[in-house]
file my_file.csv (CSV, C-alpha atoms and all ligand atoms)
chain,number,residue,atom,x,y,z
Q,1,MET,CA,68.2,101.7,108.2
Q,2,LEU,CA,68.0,103.4,111.6
Q,3,SER,CA,66.5,106.9,111.6
Q,4,THR,CA,68.6,109.7,113.1
Q,5,ALA,CA,66.5,109.6,116.3
Q,6,GLU,CA,66.9,105.8,116.6
Q,7,LEU,CA,70.7,106.1,115.9
Q,8,LEU,CA,71.0,108.8,118.6
Q,9,LYS,CA,69.1,106.7,121.1
Q,10,LYS,CA,70.9,103.4,120.4
Q,11,TYR,CA,74.5,104.5,120.0
Q,12,TYR,CA,75.3,108.0,121.2
Q,13,LEU,CA,76.3,109.2,124.6
Q,14,ARG,CA,73.8,112.0,124.4
Q,15,ASP,CA,75.1,113.6,127.7
Q,16,ASN,CA,78.3,114.3,125.8
Q,17,LEU,CA,76.6,116.3,123.1
Q,18,PRO,CA,76.8,118.9,121.6
Q,19,HIS,CA,80.0,117.8,119.8
Q,20,ILE,CA,83.0,120.1,119.1
Q,21,TRP,CA,83.1,119.8,115.3
Q,22,CYS,CA,82.8,123.0,113.3
Q,23,PRO,CA,79.7,123.7,111.2
Q,24,GLY,CA,80.0,121.9,107.8
Q,25,CYS,CA,82.6,119.4,109.1
Q,26,GLY,CA,82.3,115.9,107.6
Q,27,ILE,CA,83.2,113.9,110.7
Q,28,GLY,CA,79.7,113.7,112.2
Q,29,PRO,CA,78.1,112.2,109.0
Q,30,ILE,CA,81.0,109.7,108.8
Q,31,ALA,CA,80.5,108.6,112.4
Q,32,ALA,CA,76.8,108.2,111.7
Q,33,ALA,CA,77.5,106.1,108.5
Q,34,LEU,CA,79.9,103.9,110.6
Q,35,LEU,CA,77.3,103.4,113.3
Q,36,ARG,CA,74.6,102.5,110.8
Q,37,ALA,CA,77.0,100.0,109.2
Q,38,ILE,CA,77.7,98.4,112.6
Q,39,ASP,CA,74.0,98.2,113.1
Q,40,GLU,CA,73.4,96.6,109.7
Q,41,VAL,CA,76.1,94.0,110.2
Q,42,GLY,CA,74.4,93.2,113.5
Q,43,LEU,CA,77.5,93.7,115.7
Q,44,ASP,CA,76.9,93.8,119.4
Q,45,PRO,CA,78.3,97.1,120.6
Q,46,ASP,CA,79.9,95.3,123.5
Q,47,ARG,CA,81.9,93.3,121.1
Q,48,VAL,CA,83.2,96.4,119.3
Q,49,SER,CA,86.4,98.2,120.5
Q,50,GLN,CA,87.1,101.6,119.1
Q,51,VAL,CA,90.5,103.2,119.2
Q,52,ASN,CA,91.0,106.9,118.5
Q,53,GLY,CA,94.0,108.9,117.8
Q,54,ILE,CA,94.3,112.6,118.6
Q,55,GLY,CA,92.7,115.3,116.4
Q,56,CYS,CA,89.2,116.2,115.4
Q,57,SER,CA,88.8,112.7,113.8
Q,58,GLY,CA,89.9,111.2,117.1
Q,59,ARG,CA,86.9,112.7,118.9
Q,60,VAL,CA,84.4,110.2,117.4
Q,61,GLY,CA,84.7,107.9,120.4
Q,62,VAL,CA,83.8,110.7,122.8
Q,63,TYR,CA,80.2,110.6,121.6
Q,64,VAL,CA,79.5,106.9,121.1
Q,65,ASP,CA,78.4,104.3,123.7
Q,66,MET,CA,81.0,101.6,123.2
Q,67,ASP,CA,84.4,100.7,124.5
Q,68,VAL,CA,86.8,103.4,123.4
Q,69,LEU,CA,90.5,103.7,123.9
Q,70,LYS,CA,91.8,107.2,123.4
Q,71,GLY,CA,95.4,106.6,122.2
Q,72,THR,CA,98.2,109.0,121.6
Q,73,HIS,CA,98.7,110.8,118.3
Q,74,GLY,CA,99.8,108.4,115.6
Q,75,ARG,CA,99.6,105.3,117.7
Q,76,ALA,CA,95.9,104.2,117.2
Q,77,LEU,CA,96.9,101.2,115.1
Q,78,ALA,CA,99.5,100.1,117.7
Q,79,PHE,CA,96.9,100.1,120.4
Q,80,ALA,CA,94.4,98.5,118.1
Q,81,THR,CA,96.8,95.6,117.3
Q,82,GLY,CA,97.3,95.1,121.1
Q,83,ILE,CA,93.6,94.9,121.7
Q,84,LYS,CA,93.0,92.5,118.9
Q,85,LEU,CA,95.8,90.2,120.1
Q,86,TYR,CA,94.4,90.2,123.6
Q,87,ARG,CA,90.7,90.0,122.7
Q,88,PRO,CA,90.5,88.4,119.2
Q,89,GLU,CA,86.7,88.1,119.6
Q,90,GLN,CA,86.4,91.9,119.5
Q,91,THR,CA,85.8,93.9,116.3
Q,92,VAL,CA,88.5,96.5,116.5
Q,93,ILE,CA,88.0,99.8,114.7
Q,94,ALA,CA,90.7,102.6,114.6
Q,95,ILE,CA,89.6,106.0,113.6
Q,96,MET,CA,92.3,108.5,112.6
Q,97,GLY,CA,92.9,111.7,110.8
Q,98,ASP,CA,95.2,111.9,107.7
Q,99,GLY,CA,97.9,113.5,109.8
Q,100,ASP,CA,97.5,111.0,112.6
Q,101,CYS,CA,97.6,108.0,110.2
Q,102,GLY,CA,99.8,109.2,107.4
Q,103,ALA,CA,102.4,111.4,109.1
Q,104,ILE,CA,103.3,110.5,112.7
Q,105,GLY,CA,101.5,107.2,112.5
Q,106,GLY,CA,102.8,106.2,109.0
Q,107,ASN,CA,105.1,103.6,110.3
Q,108,HIS,CA,102.3,101.9,112.3
Q,109,LEU,CA,100.1,102.0,109.2
Q,110,ILE,CA,102.5,100.2,107.0
Q,111,HIS,CA,103.3,97.5,109.6
Q,112,ALA,CA,99.6,96.9,110.5
Q,113,ALA,CA,98.9,96.5,106.8
Q,114,ARG,CA,102.0,94.3,106.3
Q,115,ARG,CA,100.9,92.0,109.2
Q,116,ASN,CA,97.4,91.9,107.9
Q,117,VAL,CA,96.1,92.3,111.4
Q,118,ASP,CA,92.3,92.1,111.6
Q,119,VAL,CA,91.7,95.7,112.4
Q,120,LYS,CA,89.4,98.2,110.6
Q,121,ALA,CA,91.4,101.4,109.9
Q,122,ILE,CA,89.3,104.4,109.1
Q,123,VAL,CA,91.1,107.5,108.0
Q,124,ILE,CA,89.2,110.7,107.8
Q,125,ASN,CA,91.1,112.7,105.1
Q,126,ASN,CA,90.4,116.4,105.3
Q,127,SER,CA,93.7,117.3,103.6
Q,128,ILE,CA,95.0,119.1,106.7
Q,129,TYR,CA,95.8,118.9,110.4
Q,130,GLY,CA,92.4,120.2,111.5
Q,131,MET,CA,92.6,120.4,115.3
Q,132,THR,CA,95.8,122.3,115.5
Q,133,GLY,CA,94.9,125.0,113.0
Q,134,GLY,CA,95.2,123.9,109.4
Q,135,GLN,CA,98.9,122.9,108.9
Q,136,VAL,CA,100.1,121.0,105.9
Q,137,SER,CA,99.6,117.2,106.2
Q,138,PRO,CA,100.9,114.4,104.0
Q,139,THR,CA,97.6,114.6,102.0
Q,140,THR,CA,97.6,118.3,101.4
Q,141,PRO,CA,97.6,118.6,97.5
Q,142,PHE,CA,100.7,119.8,95.8
Q,143,GLY,CA,100.3,123.6,95.6
Q,144,GLY,CA,97.4,123.6,98.1
Q,145,ARG,CA,97.3,126.5,100.5
Q,146,ALA,CA,97.3,125.9,104.3
Q,147,SER,CA,98.1,127.9,107.4
Q,148,THR,CA,101.7,126.8,107.1
Q,149,ALA,CA,101.8,127.1,103.3
Q,150,PRO,CA,100.4,130.5,102.3
Q,151,TYR,CA,102.2,130.2,98.9
Q,152,GLY,CA,101.0,126.6,98.3
Q,153,SER,CA,102.5,123.4,99.6
Q,154,PRO,CA,105.7,122.4,97.8
Q,155,GLU,CA,105.3,118.7,98.9
Q,156,ARG,CA,103.9,115.8,96.9
Q,157,PRO,CA,101.0,114.2,98.8
Q,158,PHE,CA,100.5,110.5,99.7
Q,159,ASP,CA,97.8,108.5,98.0
Q,160,LEU,CA,96.9,106.7,101.3
Q,161,CYS,CA,95.0,103.9,99.6
Q,162,LYS,CA,98.0,103.1,97.4
Q,163,LEU,CA,100.3,103.2,100.4
Q,164,ALA,CA,98.0,100.8,102.3
Q,165,GLU,CA,97.8,98.5,99.3
Q,166,GLY,CA,101.5,98.5,98.7
Q,167,ALA,CA,102.1,97.7,102.4
Q,168,GLY,CA,99.9,94.6,102.2
Q,169,ALA,CA,96.3,95.7,103.3
Q,170,THR,CA,93.9,93.0,102.1
Q,171,PHE,CA,90.9,95.4,102.0
Q,172,VAL,CA,91.2,98.9,100.7
Q,173,ALA,CA,88.4,101.3,99.9
Q,174,ARG,CA,87.9,105.0,99.3
Q,175,GLY,CA,84.6,106.9,99.9
Q,176,THR,CA,83.5,110.5,100.4
Q,177,VAL,CA,81.1,112.3,102.7
Q,178,TYR,CA,79.1,113.3,99.6
Q,179,HIS,CA,78.5,109.6,98.7
Q,180,ILE,CA,77.4,108.8,102.2
Q,181,ARG,CA,75.3,105.7,101.3
Q,182,GLN,CA,78.2,104.2,99.3
Q,183,LEU,CA,80.4,105.0,102.3
Q,184,GLN,CA,78.1,103.1,104.7
Q,185,ARG,CA,78.3,100.1,102.3
Q,186,LEU,CA,82.1,100.3,102.2
Q,187,PHE,CA,82.2,100.4,106.0
Q,188,ARG,CA,79.9,97.3,106.1
Q,189,ARG,CA,82.3,95.5,103.7
Q,190,ALA,CA,85.3,96.5,105.8
Q,191,LEU,CA,83.6,95.2,109.0
Q,192,GLU,CA,82.9,91.9,107.4
Q,193,HIS,CA,86.4,91.5,106.1
Q,194,LYS,CA,88.8,89.2,107.9
Q,195,GLY,CA,92.2,91.0,107.8
Q,196,PHE,CA,93.5,94.6,107.7
Q,197,ALA,CA,90.7,96.7,106.2
Q,198,PHE,CA,91.6,100.3,105.3
Q,199,VAL,CA,88.9,102.8,104.4
Q,200,GLU,CA,89.9,106.4,103.4
Q,201,VAL,CA,87.1,108.9,103.6
Q,202,ILE,CA,87.5,112.1,101.7
Q,203,SER,CA,86.0,114.7,104.0
Q,204,GLN,CA,85.7,118.5,104.1
Q,205,CYS,CA,87.2,120.9,106.6
Q,206,PRO,CA,85.7,124.3,105.6
Q,207,VAL,CA,87.1,126.1,108.6
Q,208,TYR,CA,90.8,125.1,108.6
Q,209,TYR,CA,91.3,123.9,105.0
Q,210,GLY,CA,88.6,125.5,102.9
Q,211,ARG,CA,89.3,129.0,104.1
Q,212,TYR,CA,93.0,128.8,103.1
Q,213,SER,CA,92.4,126.8,99.9
Q,214,GLY,CA,89.7,129.1,98.7
Q,215,ALA,CA,86.6,126.9,99.2
Q,216,ALA,CA,85.3,127.8,102.6
Q,217,ASN,CA,81.8,126.9,101.8
Q,218,PRO,CA,81.0,123.3,102.8
Q,219,ALA,CA,78.5,122.8,100.0
Q,220,GLU,CA,81.1,123.8,97.5
Q,221,MET,CA,83.5,121.3,99.0
Q,222,LEU,CA,80.9,118.5,98.9
Q,223,ARG,CA,80.3,119.4,95.2
Q,224,ALA,CA,84.0,119.0,94.6
Q,225,GLN,CA,83.8,115.5,96.1
Q,226,ARG,CA,80.9,114.7,93.8
Q,227,ASP,CA,82.5,116.1,90.7
Q,228,GLY,CA,85.9,114.6,91.4
Q,229,ALA,CA,84.7,111.1,92.1
Q,230,VAL,CA,85.1,108.3,89.6
Q,231,THR,CA,84.0,104.7,90.3
Q,232,VAL,CA,86.5,101.8,90.2
Q,233,ALA,CA,84.7,100.5,87.1
Q,234,ALA,CA,84.8,103.8,85.2
Q,235,ALA,CA,88.5,104.4,86.3
Q,236,ALA,CA,89.4,101.0,84.7
Q,237,LYS,CA,88.5,102.5,81.3
Q,238,MET,CA,90.3,105.8,81.8
Q,239,THR,CA,93.9,106.7,80.9
Q,240,PRO,CA,96.3,108.0,83.6
Q,241,ASP,CA,95.9,111.5,82.0
Q,242,GLU,CA,92.1,111.3,82.3
Q,243,LEU,CA,92.4,110.1,85.9
Q,244,GLU,CA,94.7,113.0,86.9
Q,245,GLY,CA,93.1,114.9,89.8
Q,246,LYS,CA,90.2,112.4,90.1
Q,247,LEU,CA,89.2,110.5,93.2
Q,248,VAL,CA,88.7,106.8,92.5
Q,249,VAL,CA,85.9,105.7,94.9
Q,250,GLY,CA,84.7,102.2,95.9
Q,251,GLU,CA,86.4,99.0,96.7
Q,252,LEU,CA,90.0,99.0,95.5
Q,253,VAL,CA,91.3,95.8,97.0
Q,254,ASN,CA,89.5,92.8,98.5
Q,255,LYS,CA,91.5,89.6,99.0
Q,256,GLN,CA,92.1,86.9,101.6
Q,257,GLU,CA,95.5,86.2,103.0
Q,258,PRO,CA,96.8,84.8,106.3
Q,259,GLU,CA,95.7,87.1,109.2
Q,260,PHE,CA,98.2,88.0,111.9
Q,261,VAL,CA,96.2,87.3,115.0
Q,262,SER,CA,94.9,83.9,113.8
Q,263,GLU,CA,98.4,82.9,112.9
Q,264,TYR,CA,99.7,84.0,116.2
Q,265,LEU,CA,97.1,82.0,118.1
Q,266,LYS,CA,98.0,78.9,116.1
Q,267,LEU,CA,101.6,79.5,117.1
Q,268,ILE,CA,100.6,79.6,120.8
Q,269,GLN,CA,98.7,76.4,120.4
Q,270,ARG,CA,101.7,74.7,118.8
Q,271,SER,CA,104.0,75.8,121.5
Q,272,GLN,CA,101.6,74.7,124.3
Q,273,ALA,CA,101.3,71.3,122.6
Q,274,GLY,CA,105.0,71.0,123.1
Q,275,GLU,CA,106.1,71.4,119.5
Q,276,THR,CA,109.6,72.8,119.4
Q,277,ARG,CA,109.6,74.1,115.8
Z,301,LIG,C1,102.9,113.4,119.7
Z,301,LIG,C2,102.1,114.5,119.4
Z,301,LIG,N1,102.5,115.4,118.4
Z,301,LIG,C3,101.7,116.4,118.1
Z,301,LIG,C4,100.4,116.6,118.7
Z,301,LIG,C5,99.6,117.8,118.3
Z,301,LIG,N2,98.5,117.4,117.5
Z,301,LIG,C6,97.3,117.1,118.0
Z,301,LIG,S1,96.1,116.8,116.8
Z,301,LIG,C7,97.3,117.0,115.6
Z,301,LIG,C8,96.9,117.0,114.1
Z,301,LIG,C9,95.6,116.5,113.8
Z,301,LIG,O1,95.5,116.3,112.4
Z,301,LIG,P1,94.8,115.0,111.8
Z,301,LIG,O2,95.4,113.8,112.4
Z,301,LIG,O3,94.9,115.2,110.3
Z,301,LIG,O4,93.3,115.1,112.4
Z,301,LIG,P2,92.2,116.2,112.2
Z,301,LIG,O5,92.2,117.1,113.4
Z,301,LIG,O6,92.4,116.9,110.9
Z,301,LIG,O7,90.9,115.3,112.2
Z,301,LIG,C10,98.5,117.3,116.1
Z,301,LIG,C11,99.7,117.6,115.3
Z,301,LIG,C12,100.1,115.7,119.7
Z,301,LIG,N3,98.9,115.8,120.3
Z,301,LIG,N4,100.9,114.6,120.0

call {"tool": "encode", "arguments": {"input": "my_file.csv", "output": "structure tokens"}}
result
Amino acid sequence: MLSTAELLKKYYLRDNLPHIWCPGCGIGPIAAALLRAIDEVGLDPDRVSQVNGIGCSGRVGVYVDMDVLKGTHGRALAFATGIKLYRPEQTVIAIMGDGDCGAIGGNHLIHAARRNVDVKAIVINNSIYGMTGGQVSPTTPFGGRASTAPYGSPERPFDLCKLAEGAGATFVARGTVYHIRQLQRLFRRALEHKGFAFVEVISQCPVYYGRYSGAANPAEMLRAQRDGAVTVAAAAKMTPDELEGKLVVGELVNKQEPEFVSEYLKLIQRSQAGETR
């Protein structure tokens, strides 16, 4: 595995550092785990295209030395689908926040999953809209406090992994910043998967979520990830009551189904061969 110094030298645009993330934020370690996974899989950085949405999570591409398209808020998966269709040889990775992917981008998420387009969707879930000041997002827990919910959110949150699975994603996994080595493995599996791969990363935002929810200490938030996590194997033996409030981590779905871009290319070949139906 690459050391931090090797990682910085090989993959980061060091002239763009220091980064803008707050002390204790999970995004930096997540980006490093992803780059290590890219390195382990042996992908040529020139054959990787990264798409970012808007938000703190959407800043990863600013610091890495690969092709990055900075999309608009909520549209990362639409841009990623376009890149993959035009350049099928590229590994396309979309990095989004939970608001980016689950709120304004929710429609793009369900349709990218339904099409099983060969894109790696990484959602950094910090339970909040981070960049704009800690507003409620679709993953803020019921009753959780936020800048726009001082009395606690009255909304039920999405389980983004269940949403992706229900919409047709063929690879779905959940990891946490605390379990960083497992996360690196999950990224590796996602990169190797052919089809829509969805990885939700539970992350901590001490500054804009923790301070409202009552856990402003990043170490405390990491301990909550550790204590709340249950592996897929352990979860299979637990009752719904026992699973209440737990985070099931690991590979949740992994199956092969027809992939959109390959099917589309076959269709082009058939039409160019003169087939009429
Ligand atoms: C169309 C549009 N609507 C709203 C915004 C304002 N905006 C920028 S980032 C953001 C939320 C970011 O939250 P999230 O996607 O969860 O990412 P985080 O910052 O927490 O990583 C919003 C609402 C925008 N830039 N564009």

call {"tool": "atom_distance", "arguments": {"input": "my_file.csv", "atom1": "atom CA of Val261 of chain Q", "atom2": "atom CA of Ala167 of chain Q"}}
result
17.4 Å

call {"tool": "residues_near_ligand", "arguments": {"input": "my_file.csv", "ligand": "ligand LIG 301 (chain Z)", "cutoff": "6 Å", "atoms": "all atoms listed in the file", "output": "list in words"}}
result
Ile54, Gly55, Cys56, Ser57, His73, Gly97, Asp98, Gly99, Asp100, Asn126, Ile128, Tyr129, Gly130, Met131 and Thr132 of chain Q

call {"tool": "residues_near_point", "arguments": {"input": "my_file.csv", "point": "(86.4, 99.0, 100.3)", "cutoff": "9 Å", "atoms": "all atoms listed in the file", "output": "list in words"}}
result
Phe171, Val172, Ala173, Arg174, Gly175, Leu183, Arg185, Leu186, Phe187, Arg188, Arg189, Ala190, Ala197, Phe198, Val199, Glu200, Val249, Gly250, Glu251, Leu252, Val253 and Asn254 of chain Q

call {"tool": "atom_distance", "arguments": {"input": "my_file.csv", "atom1": "atom CA of Met238 of chain Q", "atom2": "atom CA of Ile202 of chain Q"}}
result
21.1 Å

call {"tool": "closest_residue", "arguments": {"input": "my_file.csv", "among": "Q:Met1, Q:Val136, Q:Val177, Q:Met221", "to": "Ser203 of chain Q", "atoms": "all atoms listed in the file"}}
result
Q:Val177

call {"tool": "closest_residue", "arguments": {"input": "my_file.csv", "among": "Q:Ala229, Q:Val92, Q:Leu85, Q:Val62", "to": "Phe196 of chain Q", "atoms": "all atoms listed in the file"}}
result
Q:Val92

call {"tool": "closest_residue", "arguments": {"input": "my_file.csv", "among": "Q:Thr239, Q:Arg156, Q:Tyr178, Q:Lys255", "to": "Asn116 of chain Q", "atoms": "all atoms listed in the file"}}
result
Q:Lys255

call {"tool": "residues_around", "arguments": {"input": "my_file.csv", "residues": "Gln50 of chain Q", "least_positions_apart": "3", "cutoff": "9 Å", "atoms": "only C-alpha atoms", "output": "PyMOL selection string"}}
result
chain Q and resi 61+66-70+80+91-95

call {"tool": "atom_distance", "arguments": {"input": "my_file.csv", "atom1": "atom CA of Leu13 of chain Q", "atom2": "atom CA of Tyr63 of chain Q"}}
result
5.1 Å

call {"tool": "residues_around", "arguments": {"input": "my_file.csv", "residues": "Phe158 of chain Q", "least_positions_apart": "6", "cutoff": "12 Å", "atoms": "only C-alpha atoms", "output": "PyMOL selection string"}}
result
chain Q and resi 98-99+101-103+106+125+127+137-142+164+200

call {"tool": "closest_residue", "arguments": {"input": "my_file.csv", "among": "Q:Leu8, Q:Thr170, Q:Tyr212, Q:Asp159", "to": "Leu35 of chain Q", "atoms": "only C-alpha atoms"}}
result
Q:Leu8

call {"tool": "closest_residue", "arguments": {"input": "my_file.csv", "among": "Q:Pro29, Q:Gly144, Q:Pro157, Q:Gly53", "to": "Leu7 of chain Q", "atoms": "only C-alpha atoms"}}
result
Q:Pro29

call {"tool": "residues_around", "arguments": {"input": "my_file.csv", "residues": "Glu259 of chain Q", "least_positions_apart": "3", "cutoff": "7 Å", "atoms": "all atoms listed in the file", "output": "PDB file with C-alpha atoms, in the coordinates of the input"}}
result
ATOM      1  CA  ASN Q 116      97.400  91.900 107.900  1.00  0.00           C
ATOM      2  CA  VAL Q 117      96.100  92.300 111.400  1.00  0.00           C
ATOM      3  CA  ASP Q 118      92.300  92.100 111.600  1.00  0.00           C
ATOM      4  CA  GLY Q 195      92.200  91.000 107.800  1.00  0.00           C
ATOM      5  CA  SER Q 262      94.900  83.900 113.800  1.00  0.00           C
ATOM      6  CA  GLU Q 263      98.400  82.900 112.900  1.00  0.00           C
TER       7      GLU Q 263
END

call {"tool": "closest_residue", "arguments": {"input": "my_file.csv", "among": "Q:Pro18, Q:Gly274, Q:Gly245, Q:Gly228", "to": "His179 of chain Q", "atoms": "all atoms listed in the file"}}
result
Q:Gly228

call {"tool": "decode", "arguments": {"input": "my_file.csv", "residues": "segment 244-259 of chain Q", "atoms": "N, CA, C and O atoms", "output": "mmCIF file, in the first residue's frame"}}
result
data_model
loop_
_atom_site.group_PDB
_atom_site.id
_atom_site.type_symbol
_atom_site.label_atom_id
_atom_site.label_comp_id
_atom_site.auth_asym_id
_atom_site.auth_seq_id
_atom_site.Cartn_x
_atom_site.Cartn_y
_atom_site.Cartn_z
ATOM 1 N N GLU Q 244 -32.229 -1.901 14.653
ATOM 2 C CA GLU Q 244 -32.685 -0.510 14.737
ATOM 3 C C GLU Q 244 -31.527 0.404 15.146
ATOM 4 O O GLU Q 244 -30.848 0.159 16.151
ATOM 5 N N GLY Q 245 -31.271 1.420 14.354
ATOM 6 C CA GLY Q 245 -30.217 2.391 14.677
ATOM 7 C C GLY Q 245 -28.805 1.910 14.358
ATOM 8 O O GLY Q 245 -27.835 2.621 14.611
ATOM 9 N N LYS Q 246 -28.673 0.693 13.822
ATOM 10 C CA LYS Q 246 -27.340 0.179 13.477
ATOM 11 C C LYS Q 246 -27.005 0.507 12.026
ATOM 12 O O LYS Q 246 -27.889 0.746 11.197
ATOM 13 N N LEU Q 247 -25.730 0.452 11.714
ATOM 14 C CA LEU Q 247 -25.268 0.692 10.336
ATOM 15 C C LEU Q 247 -24.731 -0.620 9.801
ATOM 16 O O LEU Q 247 -23.725 -1.121 10.309
ATOM 17 N N VAL Q 248 -25.399 -1.176 8.815
ATOM 18 C CA VAL Q 248 -24.882 -2.417 8.239
ATOM 19 C C VAL Q 248 -23.778 -2.045 7.259
ATOM 20 O O VAL Q 248 -24.015 -1.299 6.307
ATOM 21 N N VAL Q 249 -22.552 -2.533 7.529
ATOM 22 C CA VAL Q 249 -21.416 -2.166 6.676
ATOM 23 C C VAL Q 249 -20.893 -3.379 5.926
ATOM 24 O O VAL Q 249 -20.944 -4.499 6.413
ATOM 25 N N GLY Q 250 -20.395 -3.120 4.716
ATOM 26 C CA GLY Q 250 -19.846 -4.188 3.872
ATOM 27 C C GLY Q 250 -20.566 -4.195 2.537
ATOM 28 O O GLY Q 250 -21.238 -3.232 2.161
ATOM 29 N N GLU Q 251 -20.405 -5.326 1.847
ATOM 30 C CA GLU Q 251 -21.002 -5.456 0.508
ATOM 31 C C GLU Q 251 -22.445 -5.915 0.648
ATOM 32 O O GLU Q 251 -22.696 -7.008 1.144
ATOM 33 N N LEU Q 252 -23.392 -5.113 0.222
ATOM 34 C CA LEU Q 252 -24.809 -5.433 0.418
ATOM 35 C C LEU Q 252 -25.408 -6.103 -0.820
ATOM 36 O O LEU Q 252 -26.324 -6.910 -0.709
ATOM 37 N N VAL Q 253 -24.927 -5.736 -1.988
ATOM 38 C CA VAL Q 253 -25.423 -6.314 -3.252
ATOM 39 C C VAL Q 253 -24.221 -6.469 -4.181
ATOM 40 O O VAL Q 253 -23.371 -5.572 -4.236
ATOM 41 N N ASN Q 254 -24.151 -7.587 -4.870
ATOM 42 C CA ASN Q 254 -23.116 -7.755 -5.904
ATOM 43 C C ASN Q 254 -23.620 -8.787 -6.907
ATOM 44 O O ASN Q 254 -23.638 -9.975 -6.617
ATOM 45 N N LYS Q 255 -24.102 -8.318 -8.040
ATOM 46 C CA LYS Q 255 -24.636 -9.238 -9.040
ATOM 47 C C LYS Q 255 -24.345 -8.692 -10.439
ATOM 48 O O LYS Q 255 -24.018 -7.518 -10.585
ATOM 49 N N GLN Q 256 -24.441 -9.556 -11.416
ATOM 50 C CA GLN Q 256 -24.191 -9.136 -12.796
ATOM 51 C C GLN Q 256 -25.492 -9.083 -13.578
ATOM 52 O O GLN Q 256 -26.275 -10.035 -13.543
ATOM 53 N N GLU Q 257 -25.723 -7.970 -14.249
ATOM 54 C CA GLU Q 257 -26.901 -7.834 -15.116
ATOM 55 C C GLU Q 257 -26.481 -7.033 -16.350
ATOM 56 O O GLU Q 257 -25.432 -6.396 -16.325
ATOM 57 N N PRO Q 258 -27.284 -7.040 -17.429
ATOM 58 C CA PRO Q 258 -26.881 -6.286 -18.626
ATOM 59 C C PRO Q 258 -26.561 -4.832 -18.276
ATOM 60 O O PRO Q 258 -27.301 -4.193 -17.532
ATOM 61 N N GLU Q 259 -25.445 -4.362 -18.836
ATOM 62 C CA GLU Q 259 -24.969 -3.013 -18.503
ATOM 63 C C GLU Q 259 -25.329 -2.064 -19.642
ATOM 64 O O GLU Q 259 -25.197 -2.402 -20.824
#
